[in-house]
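Peer 1: Next comes coords-v5.cif, mmCIF, C-alpha atoms:
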data_coords
#
loop_
_atom_site.label_atom_id
_atom_site.label_comp_id
_atom_site.auth_asym_id
_atom_site.auth_seq_id
_atom_site.Cartn_x
_atom_site.Cartn_y
_atom_site.Cartn_z
CA MET A 1 149.35 216.13 17.23
CA HIS A 2 146.71 213.40 17.02
CA ILE A 3 146.87 210.90 19.88
CA THR A 4 145.54 207.38 19.39
CA HIS A 5 143.95 204.93 21.84
CA GLN A 6 145.95 202.85 24.30
CA PRO A 7 146.02 199.54 22.33
CA GLU A 8 147.11 201.45 19.24
CA LEU A 9 149.87 203.17 21.21
CA ALA A 10 151.16 199.74 22.24
CA GLU A 11 151.34 198.78 18.55
CA LEU A 12 153.09 202.06 17.70
CA VAL A 13 155.76 201.62 20.37
CA ARG A 14 156.36 198.01 19.34
CA ALA A 15 156.52 198.87 15.62
CA LEU A 16 158.87 201.83 16.10
CA ARG A 17 161.18 199.86 18.38
CA SER A 18 161.22 196.96 15.93
CA ARG A 19 161.99 199.16 12.92
CA GLN A 20 164.93 200.64 14.78
CA SER A 21 166.13 197.15 15.80
CA LEU A 22 166.18 198.19 19.45
CA THR A 23 165.55 196.11 22.54
CA GLN A 24 163.08 197.46 25.07
CA GLU A 25 166.07 198.49 27.20
CA GLN A 26 167.72 200.37 24.34
CA PHE A 27 164.46 202.05 23.35
CA ALA A 28 163.85 203.06 26.98
CA ALA A 29 167.33 204.60 27.17
CA LYS A 30 166.70 206.66 24.01
CA LEU A 31 163.52 208.06 25.56
CA GLY A 32 164.90 208.49 29.06
CA VAL A 33 162.48 206.04 30.66
CA THR A 34 162.88 202.62 32.27
CA PHE A 35 162.64 199.22 30.61
CA ARG A 36 159.56 198.55 32.76
CA THR A 37 157.87 201.66 31.35
CA VAL A 38 158.40 200.55 27.74
CA ASN A 39 157.25 197.06 28.64
CA ARG A 40 154.04 198.46 30.17
CA TRP A 41 153.43 200.59 27.05
CA GLU A 42 153.85 197.60 24.74
CA ASN A 43 151.51 195.49 26.85
CA ALA A 44 148.91 198.29 26.98
CA HIS A 45 149.16 198.56 30.76
CA ALA A 46 150.18 202.22 30.54
CA THR A 47 150.32 204.98 27.94
CA PRO A 48 153.29 207.17 27.06
CA SER A 49 153.32 210.61 28.66
CA PRO A 50 152.78 213.64 26.42
CA MET A 51 156.56 214.24 26.48
CA ALA A 52 157.30 210.62 25.53
CA LEU A 53 154.77 210.86 22.69
CA LYS A 54 156.49 214.00 21.46
CA LEU A 55 159.84 212.18 21.48
CA ILE A 56 158.30 209.20 19.67
CA HIS A 57 156.85 211.60 17.09
CA LEU A 58 160.30 213.18 16.59
CA MET A 59 161.94 209.76 16.28
CA LEU A 60 159.50 208.85 13.52
CA LYS A 61 160.13 212.14 11.70
CA ASP A 62 163.89 211.60 11.95
CA MET A 63 163.51 208.15 10.36
CA GLY A 64 162.35 209.71 7.11
CA GLU A 65 160.71 207.39 4.59
CA PRO A 66 160.79 204.24 6.78
CA GLY A 67 158.69 206.01 9.41
CA LYS A 68 156.19 207.80 7.16
CA ASP A 69 153.47 205.17 7.34
CA LEU A 70 153.61 205.14 11.17
CA LEU A 71 153.52 208.95 11.26
CA ARG A 72 150.43 208.95 9.07
CA ARG A 73 148.69 206.14 10.93
CA TYR A 74 149.33 207.26 14.50
CA PHE A 75 149.84 211.02 14.29
CA GLY A 76 147.98 212.02 11.12
CA ASP A 77 151.15 213.59 9.63
#
Could you render the structure as structure tokens?

Peer 2:
Amino acid sequence: MHITHQPELAELVRALRSRQSLTQEQFAAKLGVTFRTVNRWENAHATPSPMALKLIHLMLKDMGEPGKDLLRRYFGD
């Protein structure tokens, strides 16, 4: 799995959350992290853990066609 740079990860998290019409709180709950963690990811103050990235990757795959461009851009799938 290809991992991108921190600012790009912030864009990925924001884009994925937006496409799923989730608040930061809802997105955090889906990933088993806190709202503050998601907020820090989106503001490029922290990066998702390898496990969180794996879950994000799986969420994109589960989206099917609507997530394909993000999979390609951020994970090289």

Peer 1: Hey, what comes out of the PyMOL selection byres ((chain A and resi 20) around 12) on this file? Could you write it as JSON, numbers by chain?

Peer 2: {"A": [13, 14, 15, 16, 17, 18, 19, 21, 22, 23, 24, 26, 27, 30, 56, 59, 60, 62, 63, 66, 67]}

Peer 1: Measuring between all atoms listed in the file, which one of A:Ala44, A:Leu71, A:Ala10, A:Ala29 shows the shortest distance to His57 (chain A)?

Peer 2: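 For His57 (chain A), the nearest of the candidates is A:Leu71.
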
Peer 1: Using Å and a single decimal, report how far CA of Gly64 (chain A) sits from CA of Gly76 (chain A).

Peer 2: 15.1 Å

Peer 1: Do you know which residues the PyMOL selection byres ((chain A and resi 40) around 12) returns on this file, as a list in words?

Peer 2: Gln6, Pro7, Leu9, Ala10, Glu11, Val13, Arg14, Gln24, Ala28, Val33, Thr34, Phe35, Arg36, Thr37, Val38, Asn39, Trp41, Glu42, Asn43, Ala44, His45, Ala46, Thr47 and Pro48 of chain A

Peer 1: Could you turn the residues from that selection into a file that holds C-alpha atoms, as an mmCIF file, in the frame of the given file?

Peer 2:
data_model
loop_
_atom_site.group_PDB
_atom_site.id
_atom_site.type_symbol
_atom_site.label_atom_id
_atom_site.label_comp_id
_atom_site.auth_asym_id
_atom_site.auth_seq_id
_atom_site.Cartn_x
_atom_site.Cartn_y
_atom_site.Cartn_z
ATOM 1 C CA GLN A 6 145.950 202.850 24.300
ATOM 2 C CA PRO A 7 146.020 199.540 22.330
ATOM 3 C CA LEU A 9 149.870 203.170 21.210
ATOM 4 C CA ALA A 10 151.160 199.740 22.240
ATOM 5 C CA GLU A 11 151.340 198.780 18.550
ATOM 6 C CA VAL A 13 155.760 201.620 20.370
ATOM 7 C CA ARG A 14 156.360 198.010 19.340
ATOM 8 C CA GLN A 24 163.080 197.460 25.070
ATOM 9 C CA ALA A 28 163.850 203.060 26.980
ATOM 10 C CA VAL A 33 162.480 206.040 30.660
ATOM 11 C CA THR A 34 162.880 202.620 32.270
ATOM 12 C CA PHE A 35 162.640 199.220 30.610
ATOM 13 C CA ARG A 36 159.560 198.550 32.760
ATOM 14 C CA THR A 37 157.870 201.660 31.350
ATOM 15 C CA VAL A 38 158.400 200.550 27.740
ATOM 16 C CA ASN A 39 157.250 197.060 28.640
ATOM 17 C CA TRP A 41 153.430 200.590 27.050
ATOM 18 C CA GLU A 42 153.850 197.600 24.740
ATOM 19 C CA ASN A 43 151.510 195.490 26.850
ATOM 20 C CA ALA A 44 148.910 198.290 26.980
ATOM 21 C CA HIS A 45 149.160 198.560 30.760
ATOM 22 C CA ALA A 46 150.180 202.220 30.540
ATOM 23 C CA THR A 47 150.320 204.980 27.940
ATOM 24 C CA PRO A 48 153.290 207.170 27.060
#

Peer 1: CA of Met51 (chain A) and CA of Arg72 (chain A), how far apart in Å?

Peer 2: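 For CA of Arg72 (chain A) relative to CA of Met51 (chain A), the distance reads 19.2 Å.
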
Peer 1: In terms of the shortest atom-to-atom distance over only C-alpha atoms, which of A:Glu65, A:Asp77, A:Leu70, A:Ala52 is closest to Leu31 (chain A)?

Peer 2: A:Ala52

Peer 1: Could you write region 16-27 of chain A as an mmCIF file, keeping the file's coordinate frame, with all heavy atoms rebuilt where they are missing?

Peer 2:
data_model
loop_
_atom_site.group_PDB
_atom_site.id
_atom_site.type_symbol
_atom_site.label_atom_id
_atom_site.label_comp_id
_atom_site.auth_asym_id
_atom_site.auth_seq_id
_atom_site.Cartn_x
_atom_site.Cartn_y
_atom_site.Cartn_z
ATOM 1 N N LEU A 16 157.737 200.899 16.184
ATOM 2 C CA LEU A 16 158.870 201.830 16.100
ATOM 3 C C LEU A 16 160.130 201.177 16.649
ATOM 4 O O LEU A 16 161.197 201.236 16.030
ATOM 5 C CB LEU A 16 158.557 203.114 16.875
ATOM 6 C CG LEU A 16 159.704 204.117 16.999
ATOM 7 C CD1 LEU A 16 160.241 204.522 15.633
ATOM 8 C CD2 LEU A 16 159.254 205.334 17.791
ATOM 9 N N ARG A 17 160.027 200.523 17.770
ATOM 10 C CA ARG A 17 161.180 199.860 18.380
ATOM 11 C C ARG A 17 161.723 198.779 17.443
ATOM 12 O O ARG A 17 162.936 198.674 17.225
ATOM 13 C CB ARG A 17 160.778 199.269 19.726
ATOM 14 C CG ARG A 17 161.942 198.688 20.498
ATOM 15 C CD ARG A 17 161.518 198.220 21.866
ATOM 16 N NE ARG A 17 160.538 197.152 21.841
ATOM 17 C CZ ARG A 17 160.818 195.879 21.558
ATOM 18 N NH1 ARG A 17 162.041 195.507 21.268
ATOM 19 N NH2 ARG A 17 159.858 194.965 21.575
ATOM 20 N N SER A 18 160.829 198.022 16.845
ATOM 21 C CA SER A 18 161.220 196.960 15.930
ATOM 22 C C SER A 18 161.928 197.515 14.698
ATOM 23 O O SER A 18 162.965 196.987 14.274
ATOM 24 C CB SER A 18 159.983 196.171 15.518
ATOM 25 O OG SER A 18 160.311 195.223 14.550
ATOM 26 N N ARG A 19 161.393 198.569 14.125
ATOM 27 C CA ARG A 19 161.990 199.160 12.920
ATOM 28 C C ARG A 19 163.380 199.721 13.201
ATOM 29 O O ARG A 19 164.202 199.826 12.294
ATOM 30 C CB ARG A 19 161.106 200.257 12.348
ATOM 31 C CG ARG A 19 159.896 199.675 11.681
ATOM 32 C CD ARG A 19 159.136 200.698 10.930
ATOM 33 N NE ARG A 19 157.860 200.130 10.521
ATOM 34 C CZ ARG A 19 157.012 200.735 9.735
ATOM 35 N NH1 ARG A 19 157.278 201.929 9.266
ATOM 36 N NH2 ARG A 19 155.882 200.160 9.411
ATOM 37 N N GLN A 20 163.614 200.105 14.433
ATOM 38 C CA GLN A 20 164.930 200.640 14.780
ATOM 39 C C GLN A 20 165.853 199.543 15.322
ATOM 40 O O GLN A 20 166.975 199.828 15.728
ATOM 41 C CB GLN A 20 164.788 201.779 15.788
ATOM 42 C CG GLN A 20 164.104 202.977 15.180
ATOM 43 C CD GLN A 20 164.182 204.200 16.072
ATOM 44 O OE1 GLN A 20 164.300 204.101 17.285
ATOM 45 N NE2 GLN A 20 164.114 205.363 15.468
ATOM 46 N N SER A 21 165.361 198.309 15.315
ATOM 47 C CA SER A 21 166.130 197.150 15.800
ATOM 48 C C SER A 21 166.670 197.382 17.210
ATOM 49 O O SER A 21 167.827 197.103 17.502
ATOM 50 C CB SER A 21 167.279 196.827 14.844
ATOM 51 O OG SER A 21 166.777 196.514 13.575
ATOM 52 N N LEU A 22 165.800 197.899 18.074
ATOM 53 C CA LEU A 22 166.180 198.190 19.450
ATOM 54 C C LEU A 22 165.486 197.236 20.417
ATOM 55 O O LEU A 22 164.335 196.867 20.196
ATOM 56 C CB LEU A 22 165.787 199.627 19.837
ATOM 57 C CG LEU A 22 166.439 200.758 19.053
ATOM 58 C CD1 LEU A 22 165.791 202.084 19.412
ATOM 59 C CD2 LEU A 22 167.933 200.803 19.305
ATOM 60 N N THR A 23 166.200 196.857 21.470
ATOM 61 C CA THR A 23 165.550 196.110 22.540
ATOM 62 C C THR A 23 164.699 197.096 23.344
ATOM 63 O O THR A 23 164.831 198.316 23.187
ATOM 64 C CB THR A 23 166.599 195.491 23.491
ATOM 65 O OG1 THR A 23 167.320 196.559 24.136
ATOM 66 C CG2 THR A 23 167.552 194.571 22.747
ATOM 67 N N GLN A 24 163.864 196.568 24.211
ATOM 68 C CA GLN A 24 163.080 197.460 25.070
ATOM 69 C C GLN A 24 164.012 198.312 25.924
ATOM 70 O O GLN A 24 163.745 199.491 26.144
ATOM 71 C CB GLN A 24 162.119 196.664 25.950
ATOM 72 C CG GLN A 24 160.942 196.107 25.181
ATOM 73 C CD GLN A 24 159.954 195.381 26.073
ATOM 74 O OE1 GLN A 24 160.270 194.920 27.162
ATOM 75 N NE2 GLN A 24 158.730 195.268 25.590
ATOM 76 N N GLU A 25 165.109 197.739 26.387
ATOM 77 C CA GLU A 25 166.070 198.490 27.200
ATOM 78 C C GLU A 25 166.709 199.628 26.415
ATOM 79 O O GLU A 25 166.836 200.747 26.917
ATOM 80 C CB GLU A 25 167.176 197.556 27.732
ATOM 81 C CG GLU A 25 166.701 196.539 28.741
ATOM 82 C CD GLU A 25 166.265 195.216 28.088
ATOM 83 O OE1 GLU A 25 166.095 195.159 26.840
ATOM 84 O OE2 GLU A 25 166.058 194.247 28.833
ATOM 85 N N GLN A 26 167.105 199.339 25.182
ATOM 86 C CA GLN A 26 167.720 200.370 24.340
ATOM 87 C C GLN A 26 166.728 201.468 23.993
ATOM 88 O O GLN A 26 167.069 202.658 24.008
ATOM 89 C CB GLN A 26 168.265 199.732 23.055
ATOM 90 C CG GLN A 26 169.449 198.811 23.280
ATOM 91 C CD GLN A 26 169.755 197.966 22.055
ATOM 92 O OE1 GLN A 26 168.863 197.579 21.291
ATOM 93 N NE2 GLN A 26 171.032 197.668 21.853
ATOM 94 N N PHE A 27 165.494 201.075 23.676
ATOM 95 C CA PHE A 27 164.460 202.050 23.350
ATOM 96 C C PHE A 27 164.176 202.930 24.564
ATOM 97 O O PHE A 27 164.061 204.156 24.442
ATOM 98 C CB PHE A 27 163.195 201.320 22.893
ATOM 99 C CG PHE A 27 162.141 202.207 22.318
ATOM 100 C CD1 PHE A 27 162.294 202.799 21.073
ATOM 101 C CD2 PHE A 27 160.965 202.453 23.013
ATOM 102 C CE1 PHE A 27 161.308 203.614 20.529
ATOM 103 C CE2 PHE A 27 159.977 203.261 22.487
ATOM 104 C CZ PHE A 27 160.153 203.850 21.238
#
